[in-house]
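Q: So I've got this file, upload.pdb, and it contains PDB, C-alpha atoms:
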ATOM      1  CA  MET A   1      -3.947 -12.737 -17.406
ATOM      2  CA  ASN A   2      -0.912 -10.555 -18.124
ATOM      3  CA  ALA A   3      -1.188  -7.506 -20.360
ATOM      4  CA  LEU A   4       0.634  -9.020 -23.356
ATOM      5  CA  VAL A   5      -1.522 -12.143 -23.456
ATOM      6  CA  ALA A   6      -4.686 -10.076 -22.992
ATOM      7  CA  THR A   7      -3.695  -7.602 -25.709
ATOM      8  CA  ASN A   8      -2.924 -10.368 -28.202
ATOM      9  CA  ARG A   9      -6.211 -12.042 -27.379
ATOM     10  CA  ASN A  10      -8.163  -8.833 -27.941
ATOM     11  CA  PHE A  11      -6.252  -8.128 -31.146
ATOM     12  CA  LYS A  12      -7.090 -11.548 -32.573
ATOM     13  CA  LEU A  13     -10.775 -11.015 -31.798
ATOM     14  CA  ALA A  14     -10.661  -7.612 -33.519
ATOM     15  CA  SER A  15      -8.767  -9.134 -36.429
ATOM     16  CA  ARG A  16     -11.550 -11.641 -37.023
ATOM     17  CA  LEU A  17     -14.200  -8.918 -36.896
ATOM     18  CA  LEU A  18     -12.224  -6.887 -39.458
ATOM     19  CA  TRP A  19     -11.544  -9.939 -41.659
ATOM     20  CA  LEU A  20      -7.825  -9.188 -41.638
ATOM     21  CA  ASP A  21      -5.594 -11.371 -43.781
ATOM     22  CA  SER A  22      -3.819 -13.991 -41.644
ATOM     23  CA  LYS A  23      -0.406 -12.806 -42.896
ATOM     24  CA  LEU A  24      -1.165  -9.242 -41.860
ATOM     25  CA  GLU A  25      -2.443 -10.414 -38.485
ATOM     26  CA  LYS A  26       0.756 -12.354 -37.819
ATOM     27  CA  SER A  27       2.875  -9.406 -38.953
ATOM     28  CA  LEU A  28       1.100  -7.021 -36.587
ATOM     29  CA  LEU A  29       1.446  -9.399 -33.636
ATOM     30  CA  ILE A  30       5.240  -9.550 -33.932
ATOM     31  CA  PRO A  31       7.185  -6.437 -32.795
ATOM     32  CA  PHE A  32       9.331  -4.725 -35.418
ATOM     33  CA  ARG A  33      12.329  -4.439 -33.088
ATOM     34  CA  GLU A  34      13.289  -5.529 -29.563
ATOM     35  CA  ILE A  35      16.414  -4.362 -27.727
ATOM     36  CA  LYS A  36      17.610  -5.661 -24.363
ATOM     37  CA  VAL A  37      20.010  -3.526 -22.329
ATOM     38  CA  GLU A  38      21.762  -3.863 -18.974
ATOM     39  CA  CYS A  39      22.782  -0.936 -16.813
ATOM     40  CA  THR A  40      25.151  -1.355 -13.866
ATOM     41  CA  ILE A  41      25.335   1.599 -11.488
ATOM     42  CA  PRO A  42      26.978   2.244  -8.096
ATOM     43  CA  LYS A  43      24.565   2.553  -5.167
ATOM     44  CA  ASP A  44      24.886   5.008  -2.292
ATOM     45  CA  ASP A  45      26.357   2.281  -0.087
ATOM     46  CA  GLY A  46      29.166   1.609  -2.569
ATOM     47  CA  THR A  47      27.826  -1.670  -3.962
ATOM     48  CA  LEU A  48      26.860  -2.207  -7.588
ATOM     49  CA  ALA A  49      23.358  -2.918  -8.833
ATOM     50  CA  SER A  50      22.426  -4.191 -12.302
ATOM     51  CA  PHE A  51      19.148  -3.377 -13.996
ATOM     52  CA  VAL A  52      17.840  -5.004 -17.167
ATOM     53  CA  GLY A  53      15.676  -2.960 -19.505
ATOM     54  CA  PHE A  54      13.887  -3.592 -22.783
ATOM     55  CA  ARG A  55      12.972  -1.308 -25.660
ATOM     56  CA  VAL A  56      10.285  -2.640 -27.973
ATOM     57  CA  GLN A  57       9.320  -0.802 -31.149
ATOM     58  CA  HIS A  58       6.152  -2.435 -32.357
ATOM     59  CA  ASP A  59       5.203  -1.028 -35.755
ATOM     60  CA  ASN A  60       5.897   2.120 -37.764
ATOM     61  CA  ALA A  61       3.528   1.520 -40.672
ATOM     62  CA  ARG A  62       1.337   4.485 -39.699
ATOM     63  CA  GLY A  63       4.015   6.875 -38.507
ATOM     64  CA  PRO A  64       6.702   7.280 -35.848
ATOM     65  CA  MET A  65       6.814   4.853 -32.944
ATOM     66  CA  LYS A  66       6.119   6.469 -29.577
ATOM     67  CA  GLY A  67       6.463   4.614 -26.313
ATOM     68  CA  GLU A  68       6.456   5.336 -22.610
ATOM     69  CA  ILE A  69       9.029   4.323 -20.033
ATOM     70  CA  ARG A  70       7.805   1.776 -17.507
ATOM     71  CA  TYR A  71       8.989   2.678 -14.028
ATOM     72  CA  HIS A  72       6.146   0.533 -12.698
ATOM     73  CA  PRO A  73       5.435  -3.095 -13.739
ATOM     74  CA  GLU A  74       1.923  -2.309 -14.962
ATOM     75  CA  THR A  75       1.721   1.381 -15.822
ATOM     76  CA  PRO A  76       3.937   3.520 -18.072
ATOM     77  CA  ASP A  77       5.306   6.771 -16.653
ATOM     78  CA  MET A  78       3.784   6.189 -13.201
ATOM     79  CA  GLY A  79       5.659   8.243 -10.624
ATOM     80  CA  THR A  80       7.354  10.440 -13.214
ATOM     81  CA  ASN A  81       6.923  14.078 -14.160
ATOM     82  CA  ALA A  82       8.461  16.777 -16.369
ATOM     83  CA  GLN A  83      11.588  16.818 -14.191
ATOM     84  CA  THR A  84      12.200  13.133 -14.959
ATOM     85  CA  MET A  85      11.959  13.843 -18.682
ATOM     86  CA  ALA A  86      14.402  16.748 -18.282
ATOM     87  CA  TRP A  87      16.922  14.360 -16.707
ATOM     88  CA  ILE A  88      16.551  11.993 -19.675
ATOM     89  CA  LEU A  89      17.060  14.856 -22.126
ATOM     90  CA  ASP A  90      20.129  16.078 -20.233
ATOM     91  CA  LYS A  91      21.737  12.637 -20.131
ATOM     92  CA  TYR A  92      21.059  12.028 -23.821
ATOM     93  CA  ALA A  93      22.535  15.435 -24.710
ATOM     94  CA  LYS A  94      25.689  14.606 -22.750
ATOM     95  CA  PHE A  95      26.532  11.736 -25.091
ATOM     96  CA  HIS A  96      24.772  12.622 -28.354
ATOM     97  CA  GLY A  97      24.307  16.398 -28.379
ATOM     98  CA  TYR A  98      21.232  18.498 -27.692
ATOM     99  CA  SER A  99      18.190  16.887 -29.315
ATOM    100  CA  PRO A 100      14.908  17.977 -27.643
ATOM    101  CA  ALA A 101      12.756  15.685 -29.812
ATOM    102  CA  VAL A 102      14.235  12.608 -28.122
ATOM    103  CA  VAL A 103      11.781  12.790 -25.199
ATOM    104  CA  THR A 104       8.371  14.387 -24.638
ATOM    105  CA  GLU A 105       6.442  15.740 -21.638
ATOM    106  CA  LYS A 106       9.402  17.994 -20.877
ATOM    107  CA  PRO A 107       9.221  21.260 -18.894
ATOM    108  CA  ILE A 108       7.915  24.147 -21.002
ATOM    109  CA  ASP A 109      11.290  25.951 -20.830
ATOM    110  CA  LEU A 110      12.956  22.926 -22.438
ATOM    111  CA  GLY A 111      10.471  22.649 -25.300
ATOM    112  CA  GLY A 112       7.507  20.956 -23.641
ATOM    113  CA  SER A 113       3.984  21.405 -24.983
ATOM    114  CA  LEU A 114       1.529  23.796 -23.389
ATOM    115  CA  GLY A 115      -1.403  21.744 -22.131
ATOM    116  CA  ARG A 116       0.525  18.453 -21.960
ATOM    117  CA  GLU A 117      -0.014  18.060 -18.207
ATOM    118  CA  ALA A 118      -3.786  18.100 -18.631
ATOM    119  CA  ALA A 119      -3.801  16.304 -21.985
ATOM    120  CA  ILE A 120      -4.488  12.759 -20.829
ATOM    121  CA  GLY A 121      -7.321  13.895 -18.530
ATOM    122  CA  ARG A 122      -8.748  16.091 -21.301
ATOM    123  CA  GLY A 123      -8.585  13.116 -23.636
ATOM    124  CA  VAL A 124     -10.620  11.109 -21.117
ATOM    125  CA  LEU A 125     -13.184  13.930 -21.064
ATOM    126  CA  PHE A 126     -13.458  14.043 -24.870
ATOM    127  CA  ALA A 127     -13.684  10.250 -25.104
ATOM    128  CA  THR A 128     -16.382  10.147 -22.422
ATOM    129  CA  GLU A 129     -18.342  12.900 -24.165
ATOM    130  CA  ALA A 130     -18.214  10.988 -27.456
ATOM    131  CA  LEU A 131     -19.313   7.750 -25.776
ATOM    132  CA  LEU A 132     -22.246   9.345 -23.959
ATOM    133  CA  ASN A 133     -23.311  11.273 -27.065
ATOM    134  CA  GLU A 134     -23.537   7.964 -28.925
ATOM    135  CA  HIS A 135     -26.148   6.956 -26.357
ATOM    136  CA  GLY A 136     -28.051  10.251 -26.488
ATOM    137  CA  MET A 137     -26.516  11.497 -23.239
ATOM    138  CA  CYS A 138     -23.997  14.102 -22.104
ATOM    139  CA  VAL A 139     -21.490  14.515 -19.269
ATOM    140  CA  ALA A 140     -23.704  16.921 -17.323
ATOM    141  CA  GLY A 141     -25.627  15.151 -14.577
ATOM    142  CA  GLN A 142     -23.751  11.847 -14.838
ATOM    143  CA  ARG A 143     -22.253  10.291 -11.699
ATOM    144  CA  PHE A 144     -18.570   9.362 -11.977
ATOM    145  CA  VAL A 145     -16.230   7.190  -9.939
ATOM    146  CA  VAL A 146     -12.473   7.585 -10.469
ATOM    147  CA  GLN A 147     -10.670   4.477  -9.266
ATOM    148  CA  PRO A 148      -7.981   4.226  -8.051
ATOM    149  CA  GLY A 149      -5.723   7.095  -8.811
ATOM    150  CA  PHE A 150      -6.034  10.762  -8.021
ATOM    151  CA  GLY A 151      -2.687  11.491  -9.625
ATOM    152  CA  ASN A 152      -2.132  13.543 -12.765
ATOM    153  CA  MET A 153      -4.526  11.641 -15.012
ATOM    154  CA  GLY A 154      -7.255  10.922 -12.478
ATOM    155  CA  SER A 155      -7.289  14.390 -10.953
ATOM    156  CA  TRP A 156      -7.408  16.172 -14.303
ATOM    157  CA  ALA A 157     -10.147  13.865 -15.575
ATOM    158  CA  ALA A 158     -12.216  14.406 -12.417
ATOM    159  CA  GLN A 159     -11.716  18.180 -12.540
ATOM    160  CA  LEU A 160     -12.620  18.508 -16.231
ATOM    161  CA  LEU A 161     -15.653  16.246 -15.905
ATOM    162  CA  ARG A 162     -16.904  18.372 -13.017
ATOM    163  CA  GLU A 163     -16.346  21.573 -15.026
ATOM    164  CA  ASN A 164     -18.604  20.074 -17.678
ATOM    165  CA  GLY A 165     -21.397  19.269 -15.261
ATOM    166  CA  GLY A 166     -20.403  15.775 -14.174
ATOM    167  CA  LYS A 167     -20.655  14.685 -10.557
ATOM    168  CA  GLY A 168     -17.735  12.833  -9.002
ATOM    169  CA  VAL A 169     -19.254  10.689  -6.277
ATOM    170  CA  ALA A 170     -16.217   8.635  -5.245
ATOM    171  CA  VAL A 171     -12.451   8.683  -5.762
ATOM    172  CA  SER A 172      -9.509   6.794  -4.366
ATOM    173  CA  ASP A 173      -5.735   6.808  -4.329
ATOM    174  CA  ILE A 174      -2.966   5.037  -2.459
ATOM    175  CA  SER A 175      -3.973   6.775   0.800
ATOM    176  CA  GLY A 176      -7.600   5.623   0.816
ATOM    177  CA  ALA A 177     -11.032   6.111  -0.731
ATOM    178  CA  ILE A 178     -13.817   8.655  -0.172
ATOM    179  CA  LYS A 179     -17.444   9.091  -1.204
ATOM    180  CA  ASN A 180     -20.028  11.842  -1.361
ATOM    181  CA  SER A 181     -23.231  10.933  -3.174
ATOM    182  CA  LYS A 182     -24.058  14.644  -3.618
ATOM    183  CA  GLY A 183     -20.813  15.201  -5.497
ATOM    184  CA  ILE A 184     -17.241  15.906  -4.411
ATOM    185  CA  ASP A 185     -15.781  19.392  -4.756
ATOM    186  CA  ILE A 186     -12.804  18.375  -6.880
ATOM    187  CA  ARG A 187     -10.906  21.651  -6.498
ATOM    188  CA  SER A 188     -11.112  21.452  -2.716
ATOM    189  CA  LEU A 189     -10.060  17.823  -2.870
ATOM    190  CA  LEU A 190      -7.061  18.720  -5.055
ATOM    191  CA  LYS A 191      -5.868  21.247  -2.459
ATOM    192  CA  HIS A 192      -6.365  18.706   0.314
ATOM    193  CA  SER A 193      -4.590  15.981  -1.661
ATOM    194  CA  VAL A 194      -1.529  18.159  -2.288
ATOM    195  CA  ALA A 195      -1.348  19.316   1.326
ATOM    196  CA  ASN A 196      -1.911  15.856   2.817
ATOM    197  CA  ARG A 197      -0.407  13.633   0.135
ATOM    198  CA  GLY A 198      -3.655  11.867  -0.599
ATOM    199  CA  VAL A 199      -7.438  11.972  -0.437
ATOM    200  CA  LYS A 200      -7.630  10.365   3.006
ATOM    201  CA  ASP A 201      -9.331  12.439   5.731
ATOM    202  CA  PHE A 202     -10.965  14.852   3.273
ATOM    203  CA  SER A 203     -13.605  16.530   5.440
ATOM    204  CA  GLU A 204     -16.224  16.986   2.714
ATOM    205  CA  ALA A 205     -16.644  13.260   1.981
ATOM    206  CA  ASP A 206     -17.012   9.998   3.878
ATOM    207  CA  PRO A 207     -14.238   7.390   3.984
ATOM    208  CA  ILE A 208     -15.029   4.035   2.398
ATOM    209  CA  ASP A 209     -13.235   0.744   1.941
ATOM    210  CA  PRO A 210     -10.882   1.158  -1.074
ATOM    211  CA  ASN A 211     -11.795  -2.362  -2.168
ATOM    212  CA  SER A 212     -15.448  -1.354  -2.532
ATOM    213  CA  ILE A 213     -14.999   1.639  -4.815
ATOM    214  CA  LEU A 214     -15.274  -0.439  -7.980
ATOM    215  CA  VAL A 215     -18.782  -1.486  -7.043
ATOM    216  CA  GLU A 216     -20.064   1.939  -5.971
ATOM    217  CA  ASP A 217     -23.287   2.943  -7.677
ATOM    218  CA  CYS A 218     -22.459   5.294 -10.560
ATOM    219  CA  ASP A 219     -23.114   5.953 -14.221
ATOM    220  CA  VAL A 220     -19.495   5.993 -15.406
ATOM    221  CA  LEU A 221     -16.573   4.143 -13.838
ATOM    222  CA  ILE A 222     -13.121   5.479 -14.739
ATOM    223  CA  PRO A 223     -10.278   3.136 -13.765
ATOM    224  CA  ALA A 224      -7.214   5.399 -13.765
ATOM    225  CA  ALA A 225      -4.375   3.445 -12.193
ATOM    226  CA  PRO A 226      -2.465   0.135 -12.547
ATOM    227  CA  GLY A 227      -4.145  -2.479 -14.731
ATOM    228  CA  GLY A 228      -6.164  -5.556 -13.956
ATOM    229  CA  CYS A 229      -8.504  -3.993 -11.397
ATOM    230  CA  GLU A 230     -11.627  -5.375 -13.104
ATOM    231  CA  GLN A 231     -11.371  -9.131 -12.954
ATOM    232  CA  GLN A 232     -13.594 -12.162 -13.237
ATOM    233  CA  GLU A 233     -14.015 -12.196  -9.460
ATOM    234  CA  ASN A 234     -15.537  -8.701  -9.169
ATOM    235  CA  ALA A 235     -17.069  -8.062 -12.600
ATOM    236  CA  ASN A 236     -20.553  -9.180 -11.566
ATOM    237  CA  GLU A 237     -20.599  -6.654  -8.716
ATOM    238  CA  ILE A 238     -19.798  -3.598 -10.854
ATOM    239  CA  ASN A 239     -22.814  -1.273 -11.062
ATOM    240  CA  ALA A 240     -21.623   1.259 -13.643
ATOM    241  CA  LYS A 241     -23.380   1.539 -16.990
ATOM    242  CA  PHE A 242     -20.200   2.671 -18.743
ATOM    243  CA  ILE A 243     -16.519   2.012 -18.136
ATOM    244  CA  VAL A 244     -13.967   4.421 -19.608
ATOM    245  CA  GLU A 245     -10.539   2.788 -19.473
ATOM    246  CA  ALA A 246      -8.282   5.710 -18.562
ATOM    247  CA  ALA A 247      -5.696   3.215 -17.300
ATOM    248  CA  ASN A 248      -3.879   0.687 -19.477
ATOM    249  CA  HIS A 249      -5.476  -2.759 -19.460
ATOM    250  CA  PRO A 250      -7.741  -2.298 -16.425
ATOM    251  CA  THR A 251     -10.242  -4.939 -17.577
ATOM    252  CA  ASP A 252      -9.214  -8.571 -17.888
ATOM    253  CA  PRO A 253     -10.709 -10.403 -20.907
ATOM    254  CA  GLU A 254     -12.782 -12.671 -18.659
ATOM    255  CA  ALA A 255     -14.250  -9.627 -16.898
ATOM    256  CA  ASP A 256     -14.822  -7.989 -20.274
ATOM    257  CA  GLU A 257     -17.061 -10.882 -21.336
ATOM    258  CA  ILE A 258     -19.028 -10.801 -18.075
ATOM    259  CA  LEU A 259     -19.540  -7.036 -18.255
ATOM    260  CA  SER A 260     -20.599  -7.192 -21.902
ATOM    261  CA  LYS A 261     -23.257  -9.775 -21.037
ATOM    262  CA  LYS A 262     -24.485  -7.418 -18.298
ATOM    263  CA  GLY A 263     -24.905  -4.665 -20.891
ATOM    264  CA  VAL A 264     -21.995  -2.541 -19.637
ATOM    265  CA  THR A 265     -20.368  -0.509 -22.413
ATOM    266  CA  ILE A 266     -16.573  -0.397 -22.193
ATOM    267  CA  LEU A 267     -14.521   2.267 -23.947
ATOM    268  CA  PRO A 268     -11.083   0.665 -24.475
ATOM    269  CA  ASP A 269      -7.858   2.147 -23.194
ATOM    270  CA  ILE A 270      -6.263   2.531 -26.621
ATOM    271  CA  TYR A 271      -8.847   5.237 -27.342
ATOM    272  CA  ALA A 272      -9.843   6.525 -23.916
ATOM    273  CA  ASN A 273      -6.352   7.508 -22.738
ATOM    274  CA  CYS A 274      -4.800   8.627 -26.016
ATOM    275  CA  GLY A 275      -4.900  12.352 -25.164
ATOM    276  CA  GLY A 276      -1.414  12.300 -23.686
ATOM    277  CA  VAL A 277       0.052  10.386 -26.633
ATOM    278  CA  THR A 278      -1.573  12.814 -29.071
ATOM    279  CA  VAL A 279      -0.094  15.920 -27.441
ATOM    280  CA  SER A 280       3.261  14.152 -27.045
ATOM    281  CA  TYR A 281       3.182  13.710 -30.819
ATOM    282  CA  PHE A 282       2.591  17.450 -31.186
ATOM    283  CA  GLU A 283       5.568  18.070 -28.928
ATOM    284  CA  TRP A 284       7.748  15.733 -31.022
ATOM    285  CA  VAL A 285       6.649  17.476 -34.221
ATOM    286  CA  GLN A 286       7.325  20.964 -32.859
ATOM    287  CA  GLU A 287      10.841  19.939 -31.817
ATOM    288  CA  TYR A 288      11.574  18.000 -34.981
ATOM    289  CA  LEU A 289      10.255  20.600 -37.413
ATOM    290  CA  GLY A 290      10.872  23.691 -35.310
ATOM    291  CA  PHE A 291       7.412  25.212 -34.910
ATOM    292  CA  HIS A 292       5.335  25.892 -31.818
ATOM    293  CA  VAL A 293       2.043  24.213 -30.860
ATOM    294  CA  GLY A 294      -0.056  26.479 -28.620
ATOM    295  CA  ARG A 295      -2.305  25.519 -25.732
ATOM    296  CA  GLY A 296      -5.447  26.157 -27.789
ATOM    297  CA  GLU A 297      -4.251  23.861 -30.559
ATOM    298  CA  SER A 298      -3.414  21.149 -28.011
ATOM    299  CA  LYS A 299      -6.931  21.373 -26.567
ATOM    300  CA  GLN A 300      -8.486  21.101 -30.020
TER
END
Go ahead and express the file in the form of structure tokens.
A:
Amino acid sequence: MNALVATNRNFKLASRLLWLDSKLEKSLLIPFREIKVECTIPKDDGTLASFVGFRVQHDNARGPMKGEIRYHPETPDMGTNAQTMAWILDKYAKFHGYSPAVVTEKPIDLGGSLGREAAIGRGVLFATEALLNEHGMCVAGQRFVVQPGFGNMGSWAAQLLRENGGKGVAVSDISGAIKNSKGIDIRSLLKHSVANRGVKDFSEADPIDPNSILVEDCDVLIPAAPGGCEQQENANEINAKFIVEAANHPTDPEADEILSKKGVTILPDIYANCGGVTVSYFEWVQEYLGFHVGRGESKQ
């Protein structure tokens, strides 16, 4: 099931639980504005290539509309960094004048927010803490699996969870998957991952089949990469007690129903990964109104 269909389905279920008026439900399902654009650019070989893009602004009833750029079919901002945002700012300024509020997650020297790089992982930490506290538990002593994605979000989440006493027992990325039931030294793994462009061949953990990481025995499963990894076909094999959706739409609705019947508690993506959006809002405000948001305020 694609992300739009799944999101609408989940929204309608939530709408019924909240007893929303049918007119309001219909209004919220329809985007406020959609713009289609086409960009034709010369390639290195001299030929032309055309790319079609869409900008959808969904609803501004509760404040400004903030959206990511999809460089990947399933995940916003995947493969981008502060440099990419600087390019966007520079190109916008060329045609419309310098306006730093037009894009967020910029380099610090260009008005970026202190703490933005870690924000989405820190948000996952805070969300996980709140979820576990609701069940009379805490992060310390819990076994975590981060799947798949040891990029910016996954690595920060794993590092911060470990700093708070959590034990990362398995992680994966595009290069492979590794496991250490005694707990992985995340800082050592980060150094290895940077030097070797992935977690593969990390000497302090055992390699495992990347397809099996979802079903590794753990307390908390954190899907942190492209969506749809938890599907009807594998939901029954998942052993985690909690799933914290750091990625967008990692759990298909059919899998959601199966996992709920198994007693697995799922923390939805709209809450679990909102740390980055929150600090991006701070960055927008500081540019728009001209005041500075410090690292401590971002963490809070």
Q: Of the residues A:Ser212, A:Gln159, A:Thr75, A:Ser172, which is the one nearest to A:Lys200, using only C-alpha atoms?
A: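 The closest residue to A:Lys200 is A:Ser172.
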Q: Would you pick out the contacts of A:Val103 at 7 Å or less, using only C-alpha atoms, so that residues sharing its chain but fewer than 3 positions from it are not included, and give the list as a list in words?
A: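 Listed by chain and then number, they are Met85, Leu89 and Pro100 of chain A.
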Q: Write to file, as a PDB file, in the frame of the given file, the residues of the selection just made, with C-alpha atoms.
A:
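And here is the file that came out, part.pdb:
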ATOM      1  CA  MET A  85      11.959  13.843 -18.682  1.00  0.00           C
ATOM      2  CA  LEU A  89      17.060  14.856 -22.126  1.00  0.00           C
ATOM      3  CA  PRO A 100      14.908  17.977 -27.643  1.00  0.00           C
TER       4      PRO A 100
END
Q: Just want the 10 Å neighbourhood of A:Leu267, counted on all atoms listed in the file, with same-chain residues fewer than 6 positions away dropped. Output as a list in words.
A: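 Near neighbours after the sequence-gap exclusion: Ala127, Thr128, Leu131, Ile222, Phe242, Ile243, Val244, Glu245, Ala246 and Asn273 of chain A.
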Q: So, counting all atoms listed in the file, which residue among A:Ala6, A:Ile213, A:Ile178, A:Ala82 is closest to A:Asp201?
A: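 Selected residue with least distance to A:Asp201: A:Ile178.
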Q: Could you state which residues are captured by the PyMOL selection byres ((chain A and resi 29-41) around 6) in this file, as a ChimeraX atom specification?
A: /A:26-28,42,48-59
Q: Write out the residues from the selection above, keeping C-alpha atoms, as a PDB file, keeping the file's coordinate frame.
A:
ATOM      1  CA  LYS A  26       0.756 -12.354 -37.819  1.00  0.00           C
ATOM      2  CA  SER A  27       2.875  -9.406 -38.953  1.00  0.00           C
ATOM      3  CA  LEU A  28       1.100  -7.021 -36.587  1.00  0.00           C
ATOM      4  CA  PRO A  42      26.978   2.244  -8.096  1.00  0.00           C
ATOM      5  CA  LEU A  48      26.860  -2.207  -7.588  1.00  0.00           C
ATOM      6  CA  ALA A  49      23.358  -2.918  -8.833  1.00  0.00           C
ATOM      7  CA  SER A  50      22.426  -4.191 -12.302  1.00  0.00           C
ATOM      8  CA  PHE A  51      19.148  -3.377 -13.996  1.00  0.00           C
ATOM      9  CA  VAL A  52      17.840  -5.004 -17.167  1.00  0.00           C
ATOM     10  CA  GLY A  53      15.676  -2.960 -19.505  1.00  0.00           C
ATOM     11  CA  PHE A  54      13.887  -3.592 -22.783  1.00  0.00           C
ATOM     12  CA  ARG A  55      12.972  -1.308 -25.660  1.00  0.00           C
ATOM     13  CA  VAL A  56      10.285  -2.640 -27.973  1.00  0.00           C
ATOM     14  CA  GLN A  57       9.320  -0.802 -31.149  1.00  0.00           C
ATOM     15  CA  HIS A  58       6.152  -2.435 -32.357  1.00  0.00           C
ATOM     16  CA  ASP A  59       5.203  -1.028 -35.755  1.00  0.00           C
TER      17      ASP A  59
END
Q: Which value, in Å to one decimal, gives the distance between atom CA of A:Gly151 and atom CA of A:Ala101?
A: 25.8 Å
Q: Which distance in Å separates atom CA of A:Arg122 and atom CA of A:Met153, to one decimal?
A: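 About the pair atom CA of A:Arg122 and atom CA of A:Met153: they are 8.8 Å apart.
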Q: How far is it from atom CA of A:Ala140 to atom CA of A:Gly121, in Å with one decimal?
A: 16.7 Å
Q: Padding 8 Å on every side, please: axis-aligned box over the listed atoms of stretch 160-170 of chain A, centre and edge lengths to one decimal in Å, as JSON.
A:
{"center_x": -17.0, "center_y": 15.1, "center_z": -11.5, "size_x": 24.8, "size_y": 28.9, "size_z": 28.4}
Q: Counting all atoms listed in the file, which of A:Tyr271, A:Lys241, A:Thr7, A:Val102 gets nearest to A:His135?
A: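 Of all the options, A:Lys241 lies closest to A:His135.
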Q: Counting all atoms listed in the file, find residues at most 10 Å from (-0.6, 13.5, -11.7) (file frame) and give them as an NGL selection string.
A: :A and (78-81 or 117-118 or 120-121 or 149-156)
Q: Convert the output of the PyMOL selection byres ((chain A and resi 116) around 8) on the shown file into explicit residues, formatted as a list in words.
A: Glu105, Gly112, Ser113, Leu114, Gly115, Glu117, Ala118, Ala119, Ile120, Gly276, Val279, Ser280 and Ser298 of chain A
Q: Evaluate the PyMOL selection byres ((chain A and resi 170) around 12) on the structure here and hand back the selected residues as a compact mmCIF listing (two decimals) with C-alpha atoms, in the frame of the given file.
A:
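Okay, this is what ended up in expr-v7.txt:
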# COMPACT_ATOMS: atom_id res chain seq x y z
CA ARG A 143 -22.25 10.29 -11.70
CA PHE A 144 -18.57 9.36 -11.98
CA VAL A 145 -16.23 7.19 -9.94
CA VAL A 146 -12.47 7.58 -10.47
CA GLN A 147 -10.67 4.48 -9.27
CA PRO A 148 -7.98 4.23 -8.05
CA GLY A 149 -5.72 7.10 -8.81
CA PHE A 150 -6.03 10.76 -8.02
CA GLY A 154 -7.26 10.92 -12.48
CA ALA A 158 -12.22 14.41 -12.42
CA LYS A 167 -20.66 14.68 -10.56
CA GLY A 168 -17.74 12.83 -9.00
CA VAL A 169 -19.25 10.69 -6.28
CA VAL A 171 -12.45 8.68 -5.76
CA SER A 172 -9.51 6.79 -4.37
CA ASP A 173 -5.74 6.81 -4.33
CA GLY A 176 -7.60 5.62 0.82
CA ALA A 177 -11.03 6.11 -0.73
CA ILE A 178 -13.82 8.65 -0.17
CA LYS A 179 -17.44 9.09 -1.20
CA ASN A 180 -20.03 11.84 -1.36
CA SER A 181 -23.23 10.93 -3.17
CA LYS A 182 -24.06 14.64 -3.62
CA GLY A 183 -20.81 15.20 -5.50
CA ILE A 184 -17.24 15.91 -4.41
CA ASP A 185 -15.78 19.39 -4.76
CA ILE A 186 -12.80 18.38 -6.88
CA LEU A 189 -10.06 17.82 -2.87
CA VAL A 199 -7.44 11.97 -0.44
CA PHE A 202 -10.96 14.85 3.27
CA GLU A 204 -16.22 16.99 2.71
CA ALA A 205 -16.64 13.26 1.98
CA ASP A 206 -17.01 10.00 3.88
CA PRO A 207 -14.24 7.39 3.98
CA ILE A 208 -15.03 4.04 2.40
CA ASP A 209 -13.24 0.74 1.94
CA PRO A 210 -10.88 1.16 -1.07
CA SER A 212 -15.45 -1.35 -2.53
CA ILE A 213 -15.00 1.64 -4.82
CA LEU A 214 -15.27 -0.44 -7.98
CA VAL A 215 -18.78 -1.49 -7.04
CA GLU A 216 -20.06 1.94 -5.97
CA ASP A 217 -23.29 2.94 -7.68
CA CYS A 218 -22.46 5.29 -10.56
CA ASP A 219 -23.11 5.95 -14.22
CA VAL A 220 -19.50 5.99 -15.41
CA LEU A 221 -16.57 4.14 -13.84
CA ILE A 222 -13.12 5.48 -14.74
CA PRO A 223 -10.28 3.14 -13.76
Q: Nearest to A:Gly141 among A:Glu68, A:Asp109, A:Glu254, A:Glu163, with distances taken over only C-alpha atoms: which residue is it?
A: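 Closest to A:Gly141, using only C-alpha atoms: A:Glu163.
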Q: List the neighbours of A:Tyr288 out to 10 Å using only C-alpha atoms; skip same-chain residues closer than 2 positions along the sequence, and give me the result as a list in words.
A: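 So, after excluding close chain neighbours, the residues are Ser99, Pro100, Ala101, Val102, Phe282, Glu283, Trp284, Val285, Gln286, Gly290 and Phe291 of chain A.
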